[in-house]
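*Asks:* If you scroll down you'll find the structure; I have some questions about it.
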Amino acid sequence: MNEIQRLELRIAKFLRIGVIVAGLLMLAGFVLNFQLRGNPFFNFETYDRIPLADLLAHHWAHRRWGQLVSYAGLGALISLPLIRVLLTAVLFLRQRDYLMAILAGLVLAGLAVSFTLGFEL
Amino acid sequence: MYASLLFLISICAGFLGALLGIGGGIIVVPALTILFGVNIRYAIAASLISIIATSSGAAASFLRDHLTNLRLAVLLELGTVAGAMVGFLISSQISTAWLYITFGGFLLFSGVMMLRRKGDAVSTVDHPWSERLRLAGQFMNEKGQLIQYKVERVPLGLFMMFFAGVLSALLGIGSGIFKVLAMDGAMKIPMKISSATSNFMIGVTATASAGAFLLRGDIRPEVTCPVSLGIIVGSWIGARVMPRLPAQTIKKVFVVMLTVVAFQMLYRGFTHE
C-alpha cells in the first residue's frame with residue numbers, strides 16, 4: 001500500500017468515526033428533547049428567521065441541554081466535510097502536487113465564504 | 001410521538017435511498033411538508049444535514065474500495081461549492097410557492113432520470129485540463145479486468161456541477177442525479193466511478209449551504225435530529241439488504257409514488273398564498 005492509499009484510508013476512518021460521534025450527540029439531544037405529548041413540529045409551520053447565536057443564547061439561558069447537545073452534534077457533522085477537504089489538501093501537499101493542493105485550498109476557502117453568507121448583514 | 005413517527009419515516013427514506021441509489025432528500029422534504037406541515041425552508045435545511053451524514057458514511061466506504069477519483073472530486077467541488085453559494089442566495093429571495101413548484105418539477109425530472117438506461121461508456125480521449133491535472137484513472141470491473149478511463153469535456157462537467165450545487169442549496173437535495181449526469185453523460189466517466197465520486201462530493205456540496213443555513217438559524221434540532229438519525233439507520237440497513245431485494249421492481253413503484261408526490265408539491269406551490 002502506497003502513501004496515498006494510506007492517507008485515503010485515514011480519511012475514510014476519520015469520516016466513519018466522525019459520523020458516529022456526531023450521530024451519538026444528535027441521539028443524546030433527540031432523547032433529551034423527546035416529548036410524548038403535543039406536536040413538536042407545530043412551531044415550524046411558519047418560518048421565523050432567528051439567527052443561531054440568538055437561539056443558542058436562548059437555550060443556554062433556559063438550560064435546555066437537549067438543544068445544546070443537538071447543536072453540538074450538528075456542528076460536528078457539518079465540520080466533517082470541511083476537515084475532509086483540509087486533509088485532502090494535506091494529502092496533495094505531501095505528494096508535492098501543488099496545483100491540486102491549491103484547488104483543494106480554493107474549495108476550503110469557498111466553504112468558509114459560503115458559511116459567512118448565513119450571517120445577517 | 002410525532003418525533004418517533006418522523007424518525008420511522010426517515011428510516012424508510014434512508015432505506016429506500018440506499019436501495020435505489022438516491023438521496024433521502026427526495027423523500028424527506030415532501031414527507032416533512034405534506035405529512036407534518038413543516039415549513040419547506042426548515043425541511044430543506046434538515047434534509048441537507050441528513051445528506052452530509054449519509055454522504056460522509058458512504059464516502060468512507062468508497063474511499064476504502066478505491067472507486068473515488070479524488071482528484072476529479074476536488075476539481076468538480078469548486079463548481080458545486082460556487083453553485084451552492086448562489087443557490088443559498090437564491091433561496092433567501094425566492095418565495096415559498098416557487099420553492100414548492102421547483103421541488104415538484106425536480107421530482108418529475110428525477111422520476112424520468114431513474115427510468116433511463118444508464119450508459120457505461122469509457123472514454124479514450126483526454127481533455128487538456130484532464131491531462132494537466134492527471135484526472136484519468138483505472139478501476140477493476142466485476143470480471144476482475146483492469147479498466148482504464150480518461151476524462152472528456154471537463155469545462156462542461158464543471159459548468160453542470162455549478163447547477164448541481166445551485167439545486168442542492170435551493171432544494172435541500174444531494175443533486176446526485178445531476179452530478180452523475182455530468183460525469184457519466186458529459187465527461188464519459190464509467191458509472192461506477194461517477195457514482196462513487198458523486199457520493200464523495202455530495203457531503204461537501206451540502207455543507208456549503210448547510211453551514212449558512214445553520215448560522216441563519218434554519219436548522220432546528222427538533223426537526224433535523226430525528227430525520228438525520230433515521231436516515232443514518234435506514235441507509236445502513238438498506239446497504240446491507242440491497243443485494244437480496246428486487247431493486248428494479250421497487251424502483252418502478254417508487255417512480256409512480258414520486259410522480260404523485262410531485263403533483264402534490266406543484267399543487268401546493270400553485271395554491272400557496
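In the C-alpha cells, the first chain shown is A, the next is B, and so on; residue numbers restart at 1 for each chain, and ligands run from 1 in the order shown.
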Residues at most 10 Å from B:Leu171, counting only C-alpha atoms, excluding those fewer than 2 positions away in the same chain, as a PDB file with N, CA and C atoms, in the first residue's frame?
*Replies:*
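This is the output file selection_29.pdb:
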ATOM      1  N   GLY B  25     -33.243  13.198   0.551  1.00  0.00           N
ATOM      2  CA  GLY B  25     -33.899  14.499   0.435  1.00  0.00           C
ATOM      3  C   GLY B  25     -35.169  14.447  -0.396  1.00  0.00           C
ATOM      4  N   ILE B  26     -35.139  13.616  -1.427  1.00  0.00           N
ATOM      5  CA  ILE B  26     -36.279  13.467  -2.326  1.00  0.00           C
ATOM      6  C   ILE B  26     -37.515  12.992  -1.564  1.00  0.00           C
ATOM      7  N   VAL B  29     -38.070  15.831   2.283  1.00  0.00           N
ATOM      8  CA  VAL B  29     -38.673  17.167   2.141  1.00  0.00           C
ATOM      9  C   VAL B  29     -40.187  17.070   1.923  1.00  0.00           C
ATOM     10  N   ILE B  40     -41.390  24.499   4.327  1.00  0.00           N
ATOM     11  CA  ILE B  40     -40.430  23.898   3.384  1.00  0.00           C
ATOM     12  C   ILE B  40     -38.997  24.400   3.629  1.00  0.00           C
ATOM     13  N   ARG B  41     -38.832  25.593   4.177  1.00  0.00           N
ATOM     14  CA  ARG B  41     -37.477  26.117   4.410  1.00  0.00           C
ATOM     15  C   ARG B  41     -36.768  25.323   5.519  1.00  0.00           C
ATOM     16  N   ALA B  43     -37.599  22.233   6.241  1.00  0.00           N
ATOM     17  CA  ALA B  43     -37.467  20.874   5.693  1.00  0.00           C
ATOM     18  C   ALA B  43     -36.214  20.768   4.824  1.00  0.00           C
ATOM     19  N   ILE B  44     -35.978  21.783   4.003  1.00  0.00           N
ATOM     20  CA  ILE B  44     -34.807  21.784   3.121  1.00  0.00           C
ATOM     21  C   ILE B  44     -33.522  21.781   3.947  1.00  0.00           C
ATOM     22  N   ALA B  45     -33.499  22.606   4.996  1.00  0.00           N
ATOM     23  CA  ALA B  45     -32.305  22.684   5.850  1.00  0.00           C
ATOM     24  C   ALA B  45     -32.047  21.345   6.551  1.00  0.00           C
ATOM     25  N   SER B  47     -32.970  18.403   5.540  1.00  0.00           N
ATOM     26  CA  SER B  47     -32.569  17.426   4.522  1.00  0.00           C
ATOM     27  C   SER B  47     -31.073  17.528   4.213  1.00  0.00           C
ATOM     28  N   LEU B  48     -30.566  18.760   4.152  1.00  0.00           N
ATOM     29  CA  LEU B  48     -29.133  18.945   3.855  1.00  0.00           C
ATOM     30  C   LEU B  48     -28.254  18.264   4.900  1.00  0.00           C
ATOM     31  N   GLY B  87     -27.062  29.204  -4.922  1.00  0.00           N
ATOM     32  CA  GLY B  87     -28.332  28.576  -4.539  1.00  0.00           C
ATOM     33  C   GLY B  87     -28.838  29.096  -3.209  1.00  0.00           C
ATOM     34  N   PHE B  88     -27.922  29.260  -2.242  1.00  0.00           N
ATOM     35  CA  PHE B  88     -28.315  29.781  -0.928  1.00  0.00           C
ATOM     36  C   PHE B  88     -28.859  31.201  -1.069  1.00  0.00           C
ATOM     37  N   SER B  91     -32.254  31.064  -2.582  1.00  0.00           N
ATOM     38  CA  SER B  91     -33.254  30.555  -1.627  1.00  0.00           C
ATOM     39  C   SER B  91     -33.679  31.641  -0.636  1.00  0.00           C
ATOM     40  N   LEU B  99     -40.584  27.676  -4.300  1.00  0.00           N
ATOM     41  CA  LEU B  99     -39.791  26.539  -3.799  1.00  0.00           C
ATOM     42  C   LEU B  99     -40.554  25.238  -4.021  1.00  0.00           C
ATOM     43  N   TYR B 100     -41.865  25.273  -3.694  1.00  0.00           N
ATOM     44  CA  TYR B 100     -42.698  24.076  -3.914  1.00  0.00           C
ATOM     45  C   TYR B 100     -42.726  23.697  -5.395  1.00  0.00           C
ATOM     46  N   THR B 102     -40.587  24.472  -7.814  1.00  0.00           N
ATOM     47  CA  THR B 102     -39.280  23.973  -8.279  1.00  0.00           C
ATOM     48  C   THR B 102     -39.054  22.550  -7.791  1.00  0.00           C
ATOM     49  N   PHE B 103     -39.438  22.294  -6.535  1.00  0.00           N
ATOM     50  CA  PHE B 103     -39.237  20.947  -5.987  1.00  0.00           C
ATOM     51  C   PHE B 103     -40.106  19.929  -6.739  1.00  0.00           C
ATOM     52  N   PHE B 106     -38.526  19.203  -9.979  1.00  0.00           N
ATOM     53  CA  PHE B 106     -37.337  18.367  -9.780  1.00  0.00           C
ATOM     54  C   PHE B 106     -37.729  16.894  -9.561  1.00  0.00           C
ATOM     55  N   VAL B 166     -26.287  24.687  -7.228  1.00  0.00           N
ATOM     56  CA  VAL B 166     -27.408  25.637  -7.059  1.00  0.00           C
ATOM     57  C   VAL B 166     -28.644  24.878  -6.578  1.00  0.00           C
ATOM     58  N   LEU B 167     -28.972  23.771  -7.251  1.00  0.00           N
ATOM     59  CA  LEU B 167     -30.177  22.999  -6.900  1.00  0.00           C
ATOM     60  C   LEU B 167     -30.048  22.356  -5.526  1.00  0.00           C
ATOM     61  N   SER B 168     -28.839  21.936  -5.161  1.00  0.00           N
ATOM     62  CA  SER B 168     -28.630  21.324  -3.848  1.00  0.00           C
ATOM     63  C   SER B 168     -29.009  22.296  -2.738  1.00  0.00           C
ATOM     64  N   ALA B 169     -28.518  23.528  -2.827  1.00  0.00           N
ATOM     65  CA  ALA B 169     -28.795  24.525  -1.789  1.00  0.00           C
ATOM     66  C   ALA B 169     -30.239  24.989  -1.830  1.00  0.00           C
ATOM     67  N   ILE B 173     -31.260  18.993  -1.592  1.00  0.00           N
ATOM     68  CA  ILE B 173     -31.023  17.667  -2.168  1.00  0.00           C
ATOM     69  C   ILE B 173     -29.514  17.480  -2.384  1.00  0.00           C
ATOM     70  N   GLY B 174     -29.128  16.218  -2.610  1.00  0.00           N
ATOM     71  CA  GLY B 174     -27.708  15.953  -2.852  1.00  0.00           C
ATOM     72  C   GLY B 174     -27.306  16.259  -4.287  1.00  0.00           C
ATOM     73  N   SER B 175     -28.310  16.349  -5.181  1.00  0.00           N
ATOM     74  CA  SER B 175     -28.070  16.579  -6.616  1.00  0.00           C
ATOM     75  C   SER B 175     -27.233  15.470  -7.228  1.00  0.00           C
TER      76      SER B 175
END
*Asks:* Hey, list the chain A side of the contact with chain B: 8 Å cut-off, only C-alpha atoms, answer as a ChimeraX atom specification.
*Replies:* /A:8-9,11-13,15-16,19,23,26-27,29-30,33-42,44-47,49-53,55,67,70-71,74,77-78,80-82,99-100,103-104,106-107,110-111,114-120
*Asks:* Write out as a ChimeraX atom specification all residues of chain A that backbone DSSP assigns to alpha helix (DSSP H).
*Replies:* /A:3-33,52-61,65-94,98-116
*Asks:* Calculated over only C-alpha atoms, which of the candidates B:Leu19, B:Met160, B:Ala46, B:Leu266 has the smallest distance to B:Lys251?
*Replies:*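 Closest to B:Lys251 of all the choices is B:Leu19.
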*Asks:* Kindly indicate which residue among B:Phe254, B:Pro30, B:Gly104, B:Leu35 lies nearest to B:Phe270, using only C-alpha atoms for the distances.
*Replies:*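 Distance minimum relative to B:Phe270 lands on B:Gly104.
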*Asks:* Using only C-alpha atoms, can you tell me which of B:Ile231, B:Ala13, B:Leu158, B:Ala164 comes closest to B:Phe178?
*Replies:*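 Looking at the shortest contact to B:Phe178, the residue is B:Ala164.
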*Asks:* B:Leu67, B:Ala18, B:Leu170, B:Val241: which is nearest B:Ser198, counting only C-alpha atoms?
*Replies:*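 Going through B:Leu67, B:Ala18, B:Leu170, B:Val241 one by one, the smallest distance to B:Ser198 is for B:Leu67.
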*Asks:* To one decimal in Å, tell me the separation between atom CA of B:Arg240 and atom CA of B:Phe15.
*Replies:*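 Between atom CA of B:Arg240 and atom CA of B:Phe15 the gap is 9.7 Å.
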*Asks:* At a cut-off of 7 Å, using only C-alpha atoms, what residues contact stretch 135-150 of chain B? Leave out same-chain residues fewer than 5 positions from it and give the result as a PDB file with N, CA, C and O atoms, in the first residue's frame.
*Replies:*
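The resulting file, part33.pdb, is reproduced below:
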ATOM      1  N   LEU B  67     -12.702   3.473  -5.356  1.00  0.00           N
ATOM      2  CA  LEU B  67     -13.517   3.782  -6.529  1.00  0.00           C
ATOM      3  C   LEU B  67     -13.627   5.286  -6.739  1.00  0.00           C
ATOM      4  O   LEU B  67     -13.977   5.742  -7.820  1.00  0.00           O
ATOM      5  N   ARG B  71      -8.963  13.301  -7.257  1.00  0.00           N
ATOM      6  CA  ARG B  71      -8.503  14.491  -7.993  1.00  0.00           C
ATOM      7  C   ARG B  71      -9.671  15.138  -8.733  1.00  0.00           C
ATOM      8  O   ARG B  71      -9.855  16.354  -8.681  1.00  0.00           O
ATOM      9  N   LEU B  72     -10.481  14.285  -9.372  1.00  0.00           N
ATOM     10  CA  LEU B  72     -11.652  14.784 -10.098  1.00  0.00           C
ATOM     11  C   LEU B  72     -12.646  15.412  -9.112  1.00  0.00           C
ATOM     12  O   LEU B  72     -13.219  16.481  -9.379  1.00  0.00           O
ATOM     13  N   VAL B 122     -16.693   4.209 -21.863  1.00  0.00           N
ATOM     14  CA  VAL B 122     -15.369   4.509 -21.328  1.00  0.00           C
ATOM     15  C   VAL B 122     -14.630   5.334 -22.373  1.00  0.00           C
ATOM     16  O   VAL B 122     -14.445   4.888 -23.501  1.00  0.00           O
ATOM     17  N   SER B 123     -14.262   6.558 -21.991  1.00  0.00           N
ATOM     18  CA  SER B 123     -13.633   7.449 -22.949  1.00  0.00           C
ATOM     19  C   SER B 123     -12.159   7.097 -23.149  1.00  0.00           C
ATOM     20  O   SER B 123     -11.470   6.662 -22.223  1.00  0.00           O
ATOM     21  N   THR B 124     -11.725   7.310 -24.378  1.00  0.00           N
ATOM     22  CA  THR B 124     -10.302   7.087 -24.658  1.00  0.00           C
ATOM     23  C   THR B 124      -9.616   8.418 -24.972  1.00  0.00           C
ATOM     24  O   THR B 124      -8.439   8.457 -25.291  1.00  0.00           O
ATOM     25  N   VAL B 125     -10.423   9.510 -24.926  1.00  0.00           N
ATOM     26  CA  VAL B 125      -9.891  10.841 -25.239  1.00  0.00           C
ATOM     27  C   VAL B 125      -9.765  11.647 -23.946  1.00  0.00           C
ATOM     28  O   VAL B 125     -10.700  11.721 -23.169  1.00  0.00           O
ATOM     29  N   ASP B 126      -8.594  12.237 -23.744  1.00  0.00           N
ATOM     30  CA  ASP B 126      -8.381  13.030 -22.535  1.00  0.00           C
ATOM     31  C   ASP B 126      -8.446  14.521 -22.881  1.00  0.00           C
ATOM     32  O   ASP B 126      -7.791  14.980 -23.817  1.00  0.00           O
ATOM     33  N   SER B 130      -7.768  17.670 -18.208  1.00  0.00           N
ATOM     34  CA  SER B 130      -7.645  16.360 -17.562  1.00  0.00           C
ATOM     35  C   SER B 130      -6.193  15.885 -17.589  1.00  0.00           C
ATOM     36  O   SER B 130      -5.679  15.324 -16.620  1.00  0.00           O
ATOM     37  N   ILE B 189     -17.289   9.326 -17.943  1.00  0.00           N
ATOM     38  CA  ILE B 189     -16.584   8.562 -16.907  1.00  0.00           C
ATOM     39  C   ILE B 189     -17.429   7.327 -16.579  1.00  0.00           C
ATOM     40  O   ILE B 189     -18.660   7.435 -16.509  1.00  0.00           O
TER      41      ILE B 189
END
*Asks:* What does the structure give for the distance between atom CA of A:Leu93 and atom CA of A:Ala109, in Å to one decimal?
*Replies:* 16.4 Å
*Asks:* Please indicate the distance in Å from atom CA of B:Glu152 to atom CA of B:Pro190, rounded to one decimal place.
*Replies:*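 The value is 11.6 Å.
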